[in-house]
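Q: Enclosed is the structure file query-v8.txt (compact mmCIF, C-alpha atoms).
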# COMPACT_ATOMS: atom_id res chain seq x y z
CA MET A 1037 37.00 -17.21 -47.35
CA SER A 1038 39.20 -20.18 -48.25
CA SER A 1039 37.37 -20.97 -51.49
CA THR A 1040 37.43 -17.31 -52.53
CA ARG A 1041 41.14 -17.16 -51.89
CA ASN A 1042 41.89 -20.24 -53.95
CA THR A 1043 39.72 -19.09 -56.85
CA SER A 1044 41.34 -15.68 -56.89
CA SER A 1045 44.84 -17.13 -56.71
CA THR A 1046 44.21 -19.57 -59.55
CA SER A 1047 42.70 -16.88 -61.70
CA ASN A 1048 45.59 -14.49 -61.21
CA THR A 1049 48.21 -17.15 -61.80
CA SER A 1050 46.53 -17.88 -65.11
CA ASN A 1051 46.51 -14.18 -65.95
CA ALA A 1052 50.20 -13.83 -65.10
CA ARG A 1053 51.04 -16.50 -67.67
CA SER A 1054 48.66 -15.15 -70.31
CA PRO A 1055 50.21 -15.45 -73.77
CA GLU A 1056 48.44 -12.20 -74.66
CA LEU A 1057 50.83 -10.38 -72.35
CA GLN A 1058 53.76 -11.98 -74.12
CA GLY A 1059 52.22 -10.85 -77.41
CA PHE A 1060 51.84 -7.30 -76.11
CA ARG A 1061 55.46 -7.39 -75.06
CA GLY A 1062 56.49 -8.50 -78.53
CA LEU A 1063 54.46 -5.76 -80.23
CA ALA A 1064 55.82 -3.13 -77.87
CA ALA A 1065 59.41 -4.27 -78.43
CA LEU A 1066 59.00 -4.09 -82.21
CA SER A 1067 57.38 -0.67 -81.88
CA THR A 1068 60.33 0.53 -79.82
CA VAL A 1069 62.82 -0.58 -82.47
CA VAL A 1070 60.89 1.13 -85.28
CA PHE A 1071 60.57 4.31 -83.20
CA HIS A 1072 64.32 4.52 -82.64
CA VAL A 1073 64.99 3.98 -86.34
CA TRP A 1074 62.48 6.78 -87.01
CA GLN A 1075 64.47 9.05 -84.68
CA GLN A 1076 67.72 8.09 -86.39
CA TYR A 1077 66.40 9.25 -89.78
CA TYR A 1078 65.22 12.67 -88.63
CA VAL A 1079 66.90 15.60 -90.41
CA TYR A 1080 67.74 18.74 -88.44
CA ASP A 1081 68.42 22.06 -90.17
CA PRO A 1082 67.89 25.79 -89.45
CA GLN A 1083 64.21 25.38 -90.35
CA GLY A 1084 63.70 22.74 -87.66
CA ALA A 1085 63.37 18.96 -87.34
CA HIS A 1086 61.98 16.97 -90.26
CA PRO A 1087 60.69 13.40 -89.81
CA PRO A 1088 61.65 10.68 -92.29
CA ILE A 1089 58.12 10.71 -93.75
CA ASP A 1090 56.17 13.96 -93.60
CA ASN A 1091 52.86 12.43 -92.58
CA PRO A 1092 51.52 13.46 -89.16
CA TYR A 1093 49.18 10.45 -88.93
CA LEU A 1094 52.01 7.99 -89.53
CA GLY A 1095 54.27 10.00 -87.27
CA ALA A 1096 51.77 9.77 -84.42
CA LEU A 1097 51.55 6.00 -84.85
CA VAL A 1098 55.31 5.45 -84.97
CA SER A 1099 55.91 7.89 -82.10
CA LEU A 1100 53.30 6.32 -79.83
CA GLU A 1101 55.46 5.62 -76.80
CA VAL A 1102 55.05 2.15 -75.35
CA ILE A 1103 57.36 2.53 -72.38
CA ASP A 1104 54.38 2.94 -70.07
CA LEU A 1105 52.98 -0.39 -71.29
CA PHE A 1106 56.17 -2.09 -70.14
CA PHE A 1107 55.96 -0.33 -66.78
CA VAL A 1108 52.29 -1.26 -66.25
CA MET A 1109 52.85 -4.90 -67.25
CA SER A 1110 55.97 -5.26 -65.13
CA ALA A 1111 54.33 -3.76 -62.04
CA TYR A 1112 51.18 -5.84 -62.52
CA LEU A 1113 53.06 -9.14 -62.77
CA LEU A 1114 55.40 -8.44 -59.86
CA THR A 1115 52.72 -7.00 -57.55
CA LEU A 1116 50.30 -9.92 -57.90
CA SER A 1117 51.81 -12.01 -55.10
CA TYR A 1118 51.86 -9.01 -52.74
CA ALA A 1119 48.26 -8.16 -53.60
CA ARG A 1120 47.14 -11.74 -52.95
CA ALA A 1121 48.98 -11.76 -49.62
CA ALA A 1122 47.57 -8.41 -48.53
CA ILE A 1123 43.96 -8.96 -49.62
CA ASP A 1124 43.41 -12.72 -49.30
CA GLY A 1125 46.13 -13.76 -46.87
CA ASP A 1126 48.08 -15.84 -49.39
CA ASP A 1127 51.37 -16.77 -47.72
CA ARG A 1128 53.39 -17.58 -50.85
CA THR A 1129 55.06 -14.16 -51.14
CA ARG A 1130 58.82 -14.49 -51.50
CA PRO A 1131 61.12 -12.73 -49.03
CA GLY A 1132 62.38 -9.37 -50.24
CA ARG A 1133 65.98 -10.54 -50.53
CA ASP A 1134 64.90 -13.50 -52.67
CA PHE A 1135 62.74 -11.25 -54.86
CA LEU A 1136 65.71 -8.93 -55.47
CA PHE A 1137 68.04 -11.88 -56.08
CA ARG A 1138 65.72 -13.29 -58.74
CA ARG A 1139 65.33 -9.87 -60.36
CA ALA A 1140 69.10 -9.43 -60.37
CA THR A 1141 69.69 -12.79 -62.08
CA ARG A 1142 67.06 -11.87 -64.66
CA ILE A 1143 68.29 -8.36 -65.43
CA LEU A 1144 71.95 -7.87 -64.58
CA PRO A 1145 74.03 -10.47 -66.49
CA LEU A 1146 72.92 -9.31 -69.93
CA TYR A 1147 72.80 -5.64 -68.97
CA PHE A 1148 76.30 -5.53 -67.48
CA LEU A 1149 77.70 -7.45 -70.45
CA ALA A 1150 76.11 -5.05 -72.94
CA VAL A 1151 77.24 -1.94 -71.05
CA LEU A 1152 80.84 -3.17 -70.84
CA VAL A 1153 80.96 -4.21 -74.50
CA VAL A 1154 79.37 -1.05 -75.93
CA TRP A 1155 81.23 1.33 -73.61
CA SER A 1156 84.58 -0.35 -74.42
CA LEU A 1157 83.98 -0.06 -78.16
CA ARG A 1158 83.12 3.62 -77.85
CA ASN A 1159 85.95 4.40 -75.39
CA PRO A 1160 89.00 2.60 -76.81
CA ASP A 1161 91.46 4.87 -74.98
CA LEU A 1162 91.38 4.60 -71.21
CA PRO A 1163 90.19 6.06 -68.94
CA GLY A 1164 87.54 7.14 -71.45
CA ASP A 1165 84.31 8.64 -70.16
CA TRP A 1166 84.47 6.76 -66.87
CA ARG A 1167 81.54 8.71 -65.43
CA ASP A 1168 79.31 7.31 -68.15
CA LEU A 1169 80.44 3.78 -67.30
CA VAL A 1170 79.94 4.23 -63.56
CA GLY A 1171 76.54 5.84 -64.11
CA HIS A 1172 75.30 2.96 -66.24
CA LEU A 1173 76.68 0.24 -63.97
CA THR A 1174 74.99 1.84 -60.94
CA PHE A 1175 71.75 2.77 -62.80
CA LEU A 1176 72.25 6.41 -61.84
CA HIS A 1177 72.66 7.70 -65.40
CA VAL A 1178 68.96 8.61 -65.43
CA PHE A 1179 69.93 11.53 -63.16
CA ASP A 1180 72.76 12.70 -65.44
CA GLN A 1181 71.57 15.43 -67.81
CA GLN A 1182 74.50 14.90 -70.19
CA ARG A 1183 74.90 11.11 -70.14
CA ILE A 1184 71.37 9.82 -69.63
CA PHE A 1185 71.20 8.51 -73.22
CA TYR A 1186 74.87 7.47 -73.59
CA THR A 1187 76.09 3.88 -74.16
CA LEU A 1188 72.67 2.17 -74.09
CA GLY A 1189 70.17 4.93 -74.81
CA PRO A 1190 66.95 3.09 -73.86
CA SER A 1191 68.42 1.83 -70.58
CA TRP A 1192 67.28 4.94 -68.69
CA SER A 1193 63.99 3.07 -68.30
CA LEU A 1194 65.80 0.14 -66.71
CA SER A 1195 66.94 2.52 -63.97
CA LEU A 1196 63.27 3.11 -63.25
CA GLU A 1197 62.64 -0.64 -63.16
CA ILE A 1198 65.33 -1.02 -60.50
CA ALA A 1199 63.79 1.83 -58.50
CA PHE A 1200 60.42 0.06 -58.73
CA TYR A 1201 61.88 -3.23 -57.45
CA LEU A 1202 63.30 -1.46 -54.42
CA THR A 1203 60.03 0.39 -53.84
CA LEU A 1204 57.97 -2.79 -54.06
CA VAL A 1205 60.19 -4.56 -51.54
CA ALA A 1206 60.02 -1.51 -49.26
CA VAL A 1207 56.25 -0.97 -49.31
CA GLY A 1208 54.97 -4.51 -49.97
CA PRO A 1209 55.66 -6.21 -46.61
CA PRO A 1210 54.43 -3.24 -44.49
CA ALA A 1211 51.25 -3.15 -46.61
CA ILE A 1212 50.69 -6.86 -45.99
CA ARG A 1213 51.18 -6.42 -42.23
CA ALA A 1214 48.82 -3.45 -42.17
CA CYS A 1215 46.15 -5.38 -44.07
CA ARG A 1216 46.34 -8.30 -41.67
CA ARG A 1217 45.14 -5.99 -38.91
CA LEU A 1218 41.97 -5.17 -40.85
CA ARG A 1219 38.93 -7.38 -40.31
CA THR A 1220 37.13 -7.02 -43.64
CA ARG A 1221 38.29 -7.76 -47.16
CA ARG A 1222 36.77 -4.50 -48.36
CA ALA A 1223 38.94 -2.53 -45.94
CA ARG A 1224 42.05 -4.37 -47.15
CA VAL A 1225 41.21 -3.65 -50.78
CA LEU A 1226 40.57 0.00 -49.97
CA LEU A 1227 43.92 0.34 -48.19
CA CYS A 1228 45.83 -1.22 -51.11
CA ALA A 1229 43.96 0.84 -53.70
CA THR A 1230 44.58 4.04 -51.75
CA GLY A 1231 48.30 3.31 -51.64
CA CYS A 1232 48.40 2.73 -55.40
CA ALA A 1233 46.48 5.95 -56.02
CA ALA A 1234 48.93 7.91 -53.86
CA LEU A 1235 51.89 6.45 -55.76
CA TYR A 1236 50.19 7.41 -59.02
CA LEU A 1237 49.35 10.97 -57.99
CA ALA A 1238 52.77 11.81 -56.55
CA PRO A 1239 54.47 11.99 -60.02
CA VAL A 1240 51.54 14.04 -61.36
CA VAL A 1241 52.10 16.58 -58.58
CA TRP A 1242 55.84 16.58 -59.31
CA ILE A 1243 55.31 17.16 -63.05
CA SER A 1244 52.77 19.90 -62.40
CA ALA A 1245 55.09 21.71 -60.02
CA ALA A 1246 58.12 21.34 -62.30
CA HIS A 1247 56.29 22.58 -65.40
CA HIS A 1248 53.79 25.13 -64.12
CA ALA A 1249 55.33 26.43 -60.91
CA PHE A 1250 59.04 26.38 -61.79
CA GLY A 1251 58.89 26.50 -65.59
CA ILE A 1252 61.44 23.70 -66.03
CA PRO A 1253 61.65 22.78 -69.73
CA HIS A 1254 60.96 19.23 -70.88
CA THR A 1255 64.56 18.94 -72.07
CA ASN A 1256 65.68 18.76 -68.46
CA TRP A 1257 65.85 14.97 -68.67
CA PRO A 1258 66.46 14.04 -65.01
CA VAL A 1259 63.44 16.08 -63.92
CA TYR A 1260 60.98 14.46 -66.35
CA PHE A 1261 62.60 11.04 -66.90
CA GLY A 1262 63.48 10.16 -63.32
CA PRO A 1263 61.37 7.84 -61.14
CA GLN A 1264 59.83 10.81 -59.35
CA ALA A 1265 58.17 11.75 -62.68
CA ARG A 1266 57.58 8.37 -64.30
CA PHE A 1267 56.42 6.18 -61.43
CA GLY A 1268 52.79 6.56 -62.51
CA GLY A 1269 53.10 3.64 -64.93
CA PHE A 1270 54.25 1.32 -62.16
CA ALA A 1271 51.53 2.60 -59.83
CA ALA A 1272 48.92 1.86 -62.51
CA GLY A 1273 50.24 -1.69 -62.83
CA MET A 1274 50.14 -2.14 -59.07
CA GLY A 1275 46.56 -0.87 -59.11
CA LEU A 1276 45.68 -3.36 -61.84
CA ALA A 1277 47.02 -6.23 -59.71
CA VAL A 1278 45.01 -5.02 -56.72
CA LEU A 1279 41.87 -4.66 -58.82
CA LEU A 1280 42.04 -8.12 -60.37
CA VAL A 1281 42.80 -9.79 -57.05
CA ALA A 1282 39.92 -7.90 -55.47
CA LEU A 1283 37.49 -8.92 -58.23
CA GLY A 1284 38.54 -12.56 -58.47
CA GLU A 1285 36.03 -14.20 -60.80
CA ARG A 1286 33.49 -11.41 -60.49
CA GLY A 1287 32.68 -8.93 -63.23
CA ARG A 1288 34.45 -10.70 -66.06
CA ILE A 1289 33.88 -8.98 -69.42
CA ARG A 1290 32.17 -10.37 -72.50
CA ALA A 1291 34.14 -10.39 -75.74
CA PRO A 1292 32.17 -7.56 -77.48
CA TRP A 1293 32.59 -5.26 -74.49
CA ALA A 1294 36.27 -6.13 -74.23
CA THR A 1295 36.77 -5.30 -77.89
CA ALA A 1296 34.90 -2.00 -77.63
CA MET A 1297 36.81 -0.93 -74.53
CA SER A 1298 40.13 -1.98 -76.07
CA VAL A 1299 39.41 0.02 -79.23
CA ALA A 1300 38.51 3.05 -77.13
CA ALA A 1301 41.78 2.74 -75.18
CA GLY A 1302 43.74 2.32 -78.42
CA VAL A 1303 42.12 5.38 -79.98
CA GLY A 1304 42.88 7.33 -76.82
CA LEU A 1305 46.54 6.35 -76.98
CA TYR A 1306 46.76 7.33 -80.63
CA ALA A 1307 45.05 10.67 -79.99
CA LEU A 1308 47.41 11.33 -77.10
CA SER A 1309 50.37 10.76 -79.42
CA TYR A 1310 48.85 12.79 -82.26
CA PHE A 1311 48.02 15.89 -80.20
CA SER A 1312 51.18 15.78 -78.11
CA ALA A 1313 53.65 18.52 -79.04
CA PRO A 1314 56.65 19.98 -77.15
CA GLU A 1315 55.59 21.93 -74.07
CA ASN A 1316 51.82 21.57 -74.60
CA THR A 1317 49.47 20.09 -71.99
CA TRP A 1318 49.14 16.72 -73.72
CA HIS A 1319 52.91 16.37 -73.82
CA THR A 1320 53.34 17.43 -70.20
CA TYR A 1321 50.91 14.80 -68.89
CA TYR A 1322 51.47 12.24 -71.65
CA HIS A 1323 52.82 9.46 -69.45
CA PRO A 1324 50.34 9.59 -66.55
CA LEU A 1325 47.47 9.58 -69.08
CA ALA A 1326 49.05 6.84 -71.19
CA ALA A 1327 49.48 4.69 -68.07
CA LEU A 1328 45.72 4.88 -67.40
CA LEU A 1329 44.91 3.91 -70.99
CA TRP A 1330 47.32 0.95 -70.91
CA PHE A 1331 45.72 -0.01 -67.58
CA ALA A 1332 42.32 -0.10 -69.29
CA LEU A 1333 43.63 -2.06 -72.27
CA LEU A 1334 45.29 -4.70 -70.10
CA TYR A 1335 42.21 -4.95 -67.89
CA CYS A 1336 40.11 -5.72 -70.98
CA THR A 1337 42.67 -8.32 -72.02
CA LEU A 1338 42.99 -10.10 -68.69
CA HIS A 1339 39.56 -9.97 -67.05
CA LEU A 1340 37.52 -11.79 -69.69
CA ARG A 1341 34.98 -14.53 -69.30
CA ALA A 1342 36.47 -17.98 -69.71
CA THR A 1343 34.62 -18.56 -72.98
CA ALA A 1344 35.09 -15.00 -74.25
CA ARG A 1345 38.14 -14.57 -76.43
CA PRO A 1346 38.01 -11.68 -78.91
CA ARG A 1347 39.29 -12.52 -82.37
CA TRP A 1348 42.09 -9.99 -82.21
CA HIS A 1349 43.61 -11.97 -79.34
CA ALA A 1350 44.62 -14.54 -81.95
CA LEU A 1351 47.24 -12.08 -83.18
CA LEU A 1352 48.69 -11.62 -79.70
CA ARG A 1353 48.91 -15.41 -79.29
CA THR A 1354 50.71 -16.12 -82.57
CA PRO A 1355 54.00 -18.01 -82.04
CA TRP A 1356 56.15 -15.48 -83.92
CA LEU A 1357 54.87 -12.58 -81.79
CA THR A 1358 55.11 -14.38 -78.46
CA GLY A 1359 58.57 -15.48 -79.60
CA VAL A 1360 59.58 -11.85 -80.02
CA GLY A 1361 58.07 -11.20 -76.60
CA LEU A 1362 60.25 -13.94 -75.12
CA VAL A 1363 63.46 -12.31 -76.40
CA SER A 1364 62.19 -8.73 -75.97
CA TYR A 1365 64.61 -7.86 -73.17
CA SER A 1366 67.58 -8.84 -75.32
CA LEU A 1367 66.04 -6.90 -78.22
CA TYR A 1368 65.62 -3.88 -75.96
CA ILE A 1369 69.27 -4.09 -74.85
CA TRP A 1370 70.94 -4.61 -78.23
CA HIS A 1371 68.82 -2.88 -80.87
CA GLU A 1372 70.13 0.67 -80.50
CA PRO A 1373 73.90 -0.10 -80.55
CA LEU A 1374 73.22 -2.54 -83.40
CA MET A 1375 71.34 0.12 -85.38
CA LEU A 1376 74.08 2.71 -84.85
CA ALA A 1377 76.80 0.22 -85.81
CA LEU A 1378 75.00 -0.73 -89.02
CA TYR A 1379 74.35 2.92 -89.87
CA GLU A 1380 77.93 4.02 -89.28
CA ALA A 1381 79.29 1.05 -91.24
CA GLY A 1382 77.14 1.97 -94.25
CA ALA A 1383 75.11 -1.23 -94.03
CA LEU A 1384 71.94 0.86 -93.71
CA PRO A 1385 70.91 3.34 -96.41
CA HIS A 1386 71.49 6.94 -95.33
CA ALA A 1387 68.82 8.59 -97.48
CA GLN A 1388 65.94 9.88 -95.36
CA GLY A 1389 63.37 8.26 -97.65
CA ALA A 1390 64.93 4.85 -96.98
CA PHE A 1391 63.42 4.74 -93.49
CA PRO A 1392 60.98 1.84 -94.24
CA LEU A 1393 63.79 -0.36 -95.59
CA ALA A 1394 66.09 0.61 -92.73
CA ALA A 1395 63.40 -0.18 -90.16
CA LEU A 1396 62.83 -3.61 -91.69
CA MET A 1397 66.57 -4.32 -91.74
CA VAL A 1398 67.07 -3.27 -88.12
CA VAL A 1399 64.06 -5.28 -86.94
CA ALA A 1400 65.29 -8.41 -88.73
CA ALA A 1401 68.87 -8.04 -87.51
CA GLY A 1402 67.71 -7.09 -84.02
CA VAL A 1403 65.45 -10.12 -83.59
CA LEU A 1404 68.23 -12.41 -84.81
CA VAL A 1405 70.78 -10.93 -82.39
CA ALA A 1406 68.20 -10.93 -79.58
CA THR A 1407 67.43 -14.62 -80.11
CA VAL A 1408 71.12 -15.54 -79.90
CA SER A 1409 71.55 -13.26 -76.88
CA TYR A 1410 68.57 -14.81 -75.09
CA TRP A 1411 69.81 -18.38 -75.37
CA ALA A 1412 73.51 -17.57 -74.92
CA VAL A 1413 73.32 -15.04 -72.06
CA GLU A 1414 69.86 -14.20 -70.79
CA TYR A 1415 68.47 -17.70 -70.27
CA PRO A 1416 71.62 -19.16 -68.65
CA GLY A 1417 71.75 -16.13 -66.36
CA SER A 1418 68.14 -16.65 -65.31
CA LEU A 1419 69.00 -20.18 -64.15
CA LEU A 1420 70.94 -18.65 -61.28
CA ALA A 1421 67.59 -17.82 -59.68
CA ARG A 1422 67.12 -21.53 -59.00
CA LEU A 1423 70.06 -21.55 -56.62
CA ARG A 1424 67.51 -20.44 -53.99
CA ASP A 1425 64.32 -22.21 -52.92
CA LYS A 1426 60.88 -20.61 -52.55
CA LYS A 1427 61.75 -19.35 -49.07
CA GLY A 1428 64.87 -17.60 -50.33
CA ARG A 1429 67.30 -20.13 -48.84
CA PRO A 1430 70.26 -21.53 -50.86
CA ARG A 1431 69.50 -24.87 -52.48
CA GLU A 1432 71.62 -27.87 -51.61
CA PHE A 1433 71.55 -29.06 -55.20
CA TYR A 1434 71.24 -27.55 -58.68
CA PRO A 1435 67.81 -28.27 -60.18
CA GLU A 1436 67.33 -29.63 -63.65
CA PRO A 1437 67.03 -26.76 -66.14
CA ARG A 1438 63.69 -26.10 -67.77
CA LEU A 1439 62.42 -23.42 -70.12
CA CYS A 1440 61.69 -20.13 -68.39
CA GLY A 1441 59.78 -18.33 -71.10
CA ASP A 1442 56.65 -17.56 -69.09
CA VAL A 1443 55.54 -13.98 -68.98
CA GLY A 1444 55.85 -13.88 -65.23
CA THR A 1445 59.37 -12.55 -65.80
CA SER A 1446 59.72 -8.87 -66.30
CA GLY A 1447 61.89 -9.03 -69.37
CA GLY A 1448 60.23 -6.79 -71.68
CA SER A 1449 61.86 -4.39 -72.97
CA LEU A 1450 61.44 -1.47 -71.88
CA PRO A 1451 61.53 -0.34 -71.56
CA THR A 1452 60.77 -0.08 -71.24
Can the structure from this file be put into structure tokens for me?
A:
Amino acid sequence: MSSTRNTSSTSNTSNARSPELQGFRGLAALSTVVFHVWQQYYVYDPQGAHPPIDNPYLGALVSLEVIDLFFVMSAYLLTLSYARAAIDGDDRTRPGRDFLFRRATRILPLYFLAVLVVWSLRNPDLPGDWRDLVGHLTFLHVFDQQRIFYTLGPSWSLSLEIAFYLTLVAVGPPAIRACRRLRTRRARVLLCATGCAALYLAPVVWISAAHHAFGIPHTNWPVYFGPQARFGGFAAGMGLAVLLVALGERGRIRAPWATAMSVAAGVGLYALSYFSAPENTWHTYYHPLAALLWFALLYCTLHLRATARPRWHALLRTPWLTGVGLVSYSLYIWHEPLMLALYEAGALPHAQGAFPLAALMVVAAGVLVATVSYWAVEYPGSLLARLRDKKGRPREFYPEPRLCGDVGTSGGSLPT
């Protein structure tokens, strides 16, 4: 049992620091920026909504939502230590209070700064829309039909991240204690997998009831954007962590199979985006289905044979892309207010056909601002996590700073 435990732990630590995940985060962050520029250049008239470029194939590609990728990756990385503890008895799981402290130092300094800056600029006369400010500072704006997309539009997904952190701390330790009472490893794996499946199915039931039983339209944002509807992505990531810990070194995939399965998952994601339309079945269950496809894609990326490295992984490992992945949280925070400021100031072209140029300009400006933000705010804030030791106790001294750009941090932009 001891050798199996060590092998599994080493393997999963390596996976958690995989540069491919950082590359995925960079691609997803860039995709998010382009998607929001695409939305900005829509034209609305009595005949309906008109995209910047009237090409359904391009529209499906640009509109392919990557928020579920961020949720799956975040949950996978943060659940690994709990899965190792529950299945293999690894005792290196941090106390819940320390986990939340480290998440807070990673997320809150930059987020609170951005909310205060953007809200102040948009509410120069006090008291302004104080409900919007309170909602964003408490992460409750995701439940506000009117203000969910105010101030920092994409930050609704960060509210879900916070809900996931609290859920993980609530269910993780009891799951570990329950698994320790089970004699066989198979029983422990089954218990963990069953819990993940239940957490995945609960939002599906909620969405089904809201849409089919009560006829609630998709424009009711709190119903379909809240954690009760979107937790499936996190549950899929938790399931991925459980699966990879359970497998250890067994069943690793050859490069050709990994490529074929990845292509199939990519085609599935594109088809889901292409066929999704307001109020149809694909749109209703878009996010639970997308979470499963991202699960499959990440599985094919992480559970490879040691000597098997598909050629397309070279793109994910390129320094410029992993660099974008490193600053993706700052890019996620700043890109929308930056885009709106440039547009309103006339720095971006207003013609609908200028979308490609505008997207390029916003990406370039966004990455530059995100890089400055990372080193000026995000990285110094993350150093606060080192005020506590591995057991969650305050340190008696301040450790020497070192780079913290590993993908074990859940910075990606979310969203998600």
Q: Every residue with an atom at most 12 Å from (62.6, 15.5, -93.1) (file coordinates; only C-alpha atoms) is what I'm after, so could you write them as number ranges by chain?
A: A: 1074-1081, 1083-1092, 1095, 1387-1391
Q: Taking (74.6, -0.6, -87.6) in the file's own coordinates, collect the residues within 12 Å, counting only C-alpha atoms, and hand them back as a VMD selection string.
A: chain A and resid 1073 1076 1370 to 1386 1394 to 1395 1397 to 1399 1401 to 1402
Q: Which is closest to Leu1276 of chain A among A:Ala1111, A:Ala1300, A:Thr1354, A:Val1207, if we use only C-alpha atoms?
A: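 Comparing A:Ala1111, A:Ala1300, A:Thr1354, A:Val1207 against Leu1276 of chain A, the winner is A:Ala1111.
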Q: Record the distance separating atom CA of Glu1197 of chain A and atom CA of Arg1266 of chain A, expressed in Å with one decimal.
A: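 So the answer is 10.4 Å.
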Q: Using atom CA of Ala1307 of chain A and atom CA of Ala1332 of chain A as the two end points, give the distance in Å to one decimal.
A: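 Taking atom CA of Ala1307 of chain A as the start and atom CA of Ala1332 of chain A as the end point, the length is 15.4 Å.
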Q: For atom CA of Ser1195 of chain A and atom CA of Pro1253 of chain A, determine how far apart the two atoms are, in Å to one decimal place.
A: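 If I compute the distance from atom CA of Ser1195 of chain A to atom CA of Pro1253 of chain A, I get 21.7 Å.
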Q: If we count all atoms listed in the file, what is near Ser1193 of chain A at a cut-off of 10 Å, once residues fewer than 2 positions away on the same chain are taken out, given as a PyMOL selection string?
A: chain A and resi 1103-1104+1106-1107+1175+1178+1189-1191+1195-1199+1261-1263+1266+1449-1452
Q: Would you list the contacts of Ala1294 of chain A as a list in words, taking every protein, DNA or RNA residue within 8 Å and counting only C-alpha atoms, but skipping same-chain residues closer than 6 positions in sequence?
A: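 Everything that qualifies: Cys1336, Thr1337, Leu1340 and Pro1346 of chain A.
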Q: Restricting the output to C-alpha atoms, write the selected residues as a short mmCIF file (atom, residue, chain, number, x, y, z; two decimals), in the frame of the given file.
A:
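Writing done, so here's part.cif:
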data_model
loop_
_atom_site.label_atom_id
_atom_site.label_comp_id
_atom_site.auth_asym_id
_atom_site.auth_seq_id
_atom_site.Cartn_x
_atom_site.Cartn_y
_atom_site.Cartn_z
CA CYS A 1336 40.11 -5.72 -70.98
CA THR A 1337 42.67 -8.32 -72.02
CA LEU A 1340 37.52 -11.79 -69.69
CA PRO A 1346 38.01 -11.68 -78.91
#
Q: From the set A:Ala1412, A:Val1205, A:Val1069, A:Val1098, which residue has the shortest atom-to-atom contact distance to Tyr1118 of chain A, counting all atoms listed in the file?
A: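 Under the stated criterion, the closest residue is A:Val1205.
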Q: Rank nothing, just name the residue among A:His1247, A:Ala1327, A:Gly1273, A:Arg1345 nearest to Thr1295 of chain A, using all atoms listed in the file.
A: A:Arg1345
Q: Taking all atoms listed in the file into account, which of A:Leu1367, A:Leu1396, A:Ala1421, A:Leu1280 comes nearest Tyr1335 of chain A?
A: A:Leu1280
Q: Counting all atoms listed in the file, figure out which residue out of A:Tyr1321, A:Leu1305, A:Leu1283, A:Leu1066 gets nearest to Ser1244 of chain A.
A: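 So, comparing all the options, the nearest one is A:Tyr1321.
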Q: Which residue out of A:Ile1289, A:Ser1099, A:Ala1064, A:Leu1057 has the minimum interatomic distance to Tyr1310 of chain A when only C-alpha atoms are used?
A: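 Checking each candidate against Tyr1310 of chain A, we get A:Ser1099 as the closest.
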Q: If we count all atoms listed in the file, what is near Leu1152 of chain A at a cut-off of 10 Å, once residues fewer than 3 positions away on the same chain are taken out, given as a list in words?
A: Tyr1147, Phe1148, Leu1149, Trp1155, Ser1156, Leu1157, Leu1169, His1172, Leu1173 and Thr1187 of chain A
Q: Skipping near chain neighbours, those fewer than 4 positions away, what residues fall within 9 Å of Ile1184 of chain A using only C-alpha atoms, listed as a list in words?
A: Asp1168, Gly1171, His1172, Leu1176, His1177, Val1178, Phe1179, Asp1180, Leu1188, Gly1189, Ser1191, Trp1192, Trp1257 and Pro1258 of chain A
